[in-house]
Amino acid sequence: MNIKGVDNILADTHNISTYHKIPILDGLELLNAKKHTIDFPFHTHDTFNIALILNQTFYTKLNDKFLQAPIGTLSITNPHEVHATPCDNKLGNSFFTFYVSPDVLKTLNKGRDVFFEDKIIYDHDIFSSFYYLSNHFNNPEVNFEKELLSVLEKLVARYAINLHFEYKKTALFQSFISENLMEKFSLTDTAKRFGLDKYKFLRLFKHETGLTPNNYILLQRIEKCKKLITKETDLMDVAIETGFYDVAHLSRHFKRFTGVTPSEYKKA
């Protein structure tokens, strides 16, 4: 078999992911990633990410840690916590992620804020419950919402601490985002506008947000895309409106941050 044929087989058997939006619990979302080979860059979510590790060791990069989650464990990131996920670029990583609203966990915690200090959870009972739900979320014979609330309540009771995680925002960066989101970014020009050299601006920006300016802009554009995709029928219009050159450019970055293409996300 020629090399091109081998590449086509790999393309067919890797990165087979599906995204699902469930109209419960303030908008639950699910990602079923199978043999995912594309790294997730540094980014954040406004939800708790609870990932079930199904094959291969799962790696998570935080600003101050590099974590490894073996098969059969849960990997958790808190809302607004900057993280990246490098994937095995040959075998791929398989995992199932529940994106859960922080208000849901806060309610389960009797109105107190929830924070997971331990990002890797070794708990066979809880893992098994989540795994069962990952296979039955669209089964009408399963009371999915009730069972999910039950396992989330166990997770919070056993592993959460009462801590409000305050992510950093400054007027400098709010101004930066609003003025530059849809424009071609220039580090030098932006730094000059704030009276800084580009290296100092980059250090300050990354210190405050945990992200490079380019990744911050991309993440904001992707979040805007998610909202527009559910309304717009033409992906080219969405791409242009959010600062991408074309649908291919949008799709490439959208998949890097979400695990699926815009079309797949729209169908969810």
# chains A, B, ... in the order shown; residues from 1 in each chain; ligands from 1

call {"tool": "residues_around", "arguments": {"residues": "segment 239-241 of chain A", "least_positions_apart": "6", "cutoff": "12 Å", "atoms": "only C-alpha atoms", "output": "ChimeraX atom specification"}}
result
/A:181-183,221-222,224-229,232-233,247-254,262

call {"tool": "write_last_selection", "arguments": {"atoms": "N, CA and C atoms", "output": "compact mmCIF listing (two decimals), in the first residue's frame"}}
result
# COMPACT_ATOMS: atom_id res chain seq x y z
N LEU A 181 -10.51 42.36 18.17
CA LEU A 181 -11.02 41.00 17.97
C LEU A 181 -11.15 40.65 16.50
N MET A 182 -11.65 41.54 15.67
CA MET A 182 -11.88 41.23 14.27
C MET A 182 -10.79 41.79 13.34
N GLU A 183 -9.74 42.34 13.92
CA GLU A 183 -8.67 42.90 13.11
C GLU A 183 -7.46 41.99 13.13
N ARG A 221 -13.02 34.56 19.28
CA ARG A 221 -13.67 34.40 17.98
C ARG A 221 -14.45 33.07 17.92
N ILE A 222 -13.84 32.01 18.45
CA ILE A 222 -14.50 30.70 18.44
C ILE A 222 -15.78 30.75 19.28
N LYS A 224 -17.64 33.33 19.79
CA LYS A 224 -18.64 34.06 19.00
C LYS A 224 -19.19 33.18 17.89
N CYS A 225 -18.32 32.37 17.28
CA CYS A 225 -18.74 31.44 16.24
C CYS A 225 -19.81 30.48 16.77
N LYS A 226 -19.60 29.97 17.97
CA LYS A 226 -20.56 29.00 18.55
C LYS A 226 -21.95 29.61 18.61
N LYS A 227 -22.03 30.88 18.97
CA LYS A 227 -23.34 31.53 19.08
C LYS A 227 -23.95 31.78 17.70
N LEU A 228 -23.10 32.17 16.75
CA LEU A 228 -23.61 32.49 15.41
C LEU A 228 -24.01 31.23 14.64
N ILE A 229 -23.28 30.14 14.86
CA ILE A 229 -23.52 28.91 14.11
C ILE A 229 -24.94 28.41 14.31
N GLU A 232 -26.96 31.25 12.06
CA GLU A 232 -26.62 31.42 10.64
C GLU A 232 -26.62 30.07 9.93
N THR A 233 -27.07 30.06 8.68
CA THR A 233 -27.05 28.83 7.89
C THR A 233 -25.80 28.75 7.02
N VAL A 247 -14.17 29.32 5.18
CA VAL A 247 -14.70 28.22 6.00
C VAL A 247 -13.58 27.26 6.41
N ALA A 248 -12.63 27.02 5.53
CA ALA A 248 -11.52 26.11 5.86
C ALA A 248 -10.70 26.65 7.02
N HIS A 249 -10.42 27.97 6.99
CA HIS A 249 -9.67 28.62 8.06
C HIS A 249 -10.43 28.55 9.38
N LEU A 250 -11.73 28.82 9.33
CA LEU A 250 -12.58 28.71 10.52
C LEU A 250 -12.60 27.28 11.04
N SER A 251 -12.80 26.31 10.15
CA SER A 251 -12.93 24.91 10.56
C SER A 251 -11.67 24.39 11.24
N ARG A 252 -10.52 24.79 10.69
CA ARG A 252 -9.25 24.32 11.25
C ARG A 252 -9.09 24.79 12.69
N HIS A 253 -9.34 26.06 12.95
CA HIS A 253 -9.18 26.57 14.31
C HIS A 253 -10.32 26.13 15.23
N PHE A 254 -11.53 26.04 14.69
CA PHE A 254 -12.67 25.60 15.49
C PHE A 254 -12.44 24.20 16.03
N PRO A 262 -17.18 23.08 12.69
CA PRO A 262 -18.37 23.90 12.86
C PRO A 262 -19.65 23.18 12.41

call {"tool": "residues_around", "arguments": {"residues": "segment 148-161 of chain A", "least_positions_apart": "2", "cutoff": "12 Å", "atoms": "only C-alpha atoms", "output": "number ranges by chain"}}
result
A: 24-25, 28, 48, 50, 74, 76-78, 98-102, 104-110, 112-134, 136-137, 142-146, 163-165

call {"tool": "residues_around", "arguments": {"residues": "Asp39 of chain A", "least_positions_apart": "4", "cutoff": "6 Å", "atoms": "only C-alpha atoms", "output": "JSON, numbers by chain"}}
result
{"A": [85, 86, 87]}

call {"tool": "select_by_dssp", "arguments": {"residues": "segment 38-259 of chain A", "states": "strand (DSSP E or B)", "output": "JSON, numbers by chain"}}
result
{"A": [40, 41, 42, 43, 48, 49, 50, 51, 52, 53, 54, 55, 58, 59, 60, 61, 66, 67, 68, 69, 74, 75, 76, 77, 83, 84, 85, 93, 94, 95, 96, 97, 98, 99, 100, 115, 120, 121, 161]}

call {"tool": "write_last_selection", "arguments": {"atoms": "N, CA and C atoms", "output": "CSV table (one decimal), in the first residue's frame"}}
result
chain,number,residue,atom,x,y,z
A,40,PHE,N,-5.2,20.3,21.8
A,40,PHE,CA,-6.0,21.4,22.1
A,40,PHE,C,-5.1,22.5,22.7
A,41,PRO,N,-5.0,23.7,22.1
A,41,PRO,CA,-4.1,24.7,22.6
A,41,PRO,C,-4.6,25.3,23.9
A,42,PHE,N,-3.8,26.1,24.6
A,42,PHE,CA,-4.2,26.8,25.8
A,42,PHE,C,-5.5,27.5,25.6
A,43,HIS,N,-6.5,27.3,26.4
A,43,HIS,CA,-7.8,27.9,26.3
A,43,HIS,C,-8.5,27.8,27.6
A,48,PHE,N,-17.4,23.7,34.1
A,48,PHE,CA,-16.6,22.6,34.6
A,48,PHE,C,-16.4,21.6,33.4
A,49,ASN,N,-15.2,21.1,33.2
A,49,ASN,CA,-14.9,20.1,32.2
A,49,ASN,C,-14.6,18.8,33.0
A,50,ILE,N,-15.5,17.8,32.8
A,50,ILE,CA,-15.2,16.5,33.5
A,50,ILE,C,-15.0,15.5,32.4
A,51,ALA,N,-13.8,15.1,32.2
A,51,ALA,CA,-13.4,14.1,31.2
A,51,ALA,C,-13.1,12.7,31.7
A,52,LEU,N,-13.8,11.7,31.1
A,52,LEU,CA,-13.5,10.3,31.4
A,52,LEU,C,-12.4,9.9,30.4
A,53,ILE,N,-11.3,9.3,31.0
A,53,ILE,CA,-10.2,8.9,30.2
A,53,ILE,C,-10.4,7.4,29.8
A,54,LEU,N,-10.6,7.2,28.5
A,54,LEU,CA,-11.0,5.9,28.0
A,54,LEU,C,-9.8,5.1,27.3
A,55,ASN,N,-8.8,5.7,26.8
A,55,ASN,CA,-7.6,5.0,26.3
A,55,ASN,C,-6.4,6.0,26.4
A,58,PHE,N,-3.9,10.6,29.5
A,58,PHE,CA,-4.5,11.9,29.1
A,58,PHE,C,-3.6,12.9,29.8
A,59,TYR,N,-3.1,13.9,29.0
A,59,TYR,CA,-2.2,14.9,29.6
A,59,TYR,C,-2.9,16.3,29.6
A,60,THR,N,-2.7,17.0,30.7
A,60,THR,CA,-3.3,18.3,30.8
A,60,THR,C,-2.2,19.3,31.3
A,61,LYS,N,-2.0,20.4,30.5
A,61,LYS,CA,-1.0,21.4,30.9
A,61,LYS,C,-1.8,22.5,31.5
A,66,PHE,N,2.0,20.0,35.0
A,66,PHE,CA,1.8,19.1,33.9
A,66,PHE,C,1.2,17.8,34.4
A,67,LEU,N,0.0,17.5,34.2
A,67,LEU,CA,-0.7,16.4,34.8
A,67,LEU,C,-0.9,15.2,33.9
A,68,GLN,N,-0.9,14.0,34.4
A,68,GLN,CA,-1.2,12.8,33.7
A,68,GLN,C,-2.3,12.0,34.3
A,69,ALA,N,-3.3,11.7,33.5
A,69,ALA,CA,-4.5,11.0,33.9
A,69,ALA,C,-4.6,9.7,33.2
A,74,LEU,N,-10.8,10.4,36.1
A,74,LEU,CA,-11.5,11.6,35.6
A,74,LEU,C,-10.5,12.7,35.6
A,75,SER,N,-10.5,13.6,34.6
A,75,SER,CA,-9.7,14.7,34.5
A,75,SER,C,-10.6,15.9,34.6
A,76,ILE,N,-10.4,16.8,35.5
A,76,ILE,CA,-11.3,18.0,35.7
A,76,ILE,C,-10.6,19.3,35.6
A,77,THR,N,-11.2,20.2,34.9
A,77,THR,CA,-10.7,21.6,34.9
A,77,THR,C,-11.9,22.5,35.4
A,83,HIS,N,-5.9,25.9,30.4
A,83,HIS,CA,-5.3,24.6,30.2
A,83,HIS,C,-5.2,24.3,28.8
A,84,ALA,N,-4.3,23.3,28.5
A,84,ALA,CA,-4.1,22.8,27.2
A,84,ALA,C,-4.0,21.2,27.3
A,85,THR,N,-4.4,20.6,26.2
A,85,THR,CA,-4.4,19.1,26.2
A,85,THR,C,-3.6,18.6,25.0
A,93,ASN,N,-6.1,10.0,21.4
A,93,ASN,CA,-6.7,9.8,22.7
A,93,ASN,C,-8.2,9.7,22.6
A,94,SER,N,-8.8,8.8,23.4
A,94,SER,CA,-10.2,8.7,23.5
A,94,SER,C,-10.7,9.1,24.9
A,95,PHE,N,-11.7,10.0,24.9
A,95,PHE,CA,-12.2,10.5,26.2
A,95,PHE,C,-13.6,11.1,25.9
A,96,PHE,N,-14.4,11.1,27.0
A,96,PHE,CA,-15.7,11.7,26.9
A,96,PHE,C,-15.8,12.8,28.0
A,97,THR,N,-16.2,14.0,27.5
A,97,THR,CA,-16.2,15.1,28.4
A,97,THR,C,-17.6,15.6,28.6
A,98,PHE,N,-18.0,15.9,29.9
A,98,PHE,CA,-19.2,16.5,30.3
A,98,PHE,C,-18.9,18.0,30.6
A,99,TYR,N,-19.5,18.9,29.9
A,99,TYR,CA,-19.3,20.4,30.2
A,99,TYR,C,-20.5,20.8,31.0
A,100,VAL,N,-20.2,21.1,32.3
A,100,VAL,CA,-21.3,21.3,33.3
A,100,VAL,C,-21.3,22.7,33.8
A,115,PHE,N,-14.9,24.3,43.7
A,115,PHE,CA,-13.6,24.3,43.1
A,115,PHE,C,-12.9,22.9,43.3
A,120,ILE,N,-7.1,15.3,38.9
A,120,ILE,CA,-7.2,13.9,38.5
A,120,ILE,C,-7.9,13.1,39.6
A,121,ILE,N,-9.0,12.5,39.3
A,121,ILE,CA,-9.8,11.8,40.3
A,121,ILE,C,-9.8,10.3,40.1
A,161,ILE,N,-13.9,21.6,47.0
A,161,ILE,CA,-13.7,22.5,48.1
A,161,ILE,C,-14.5,23.8,47.8
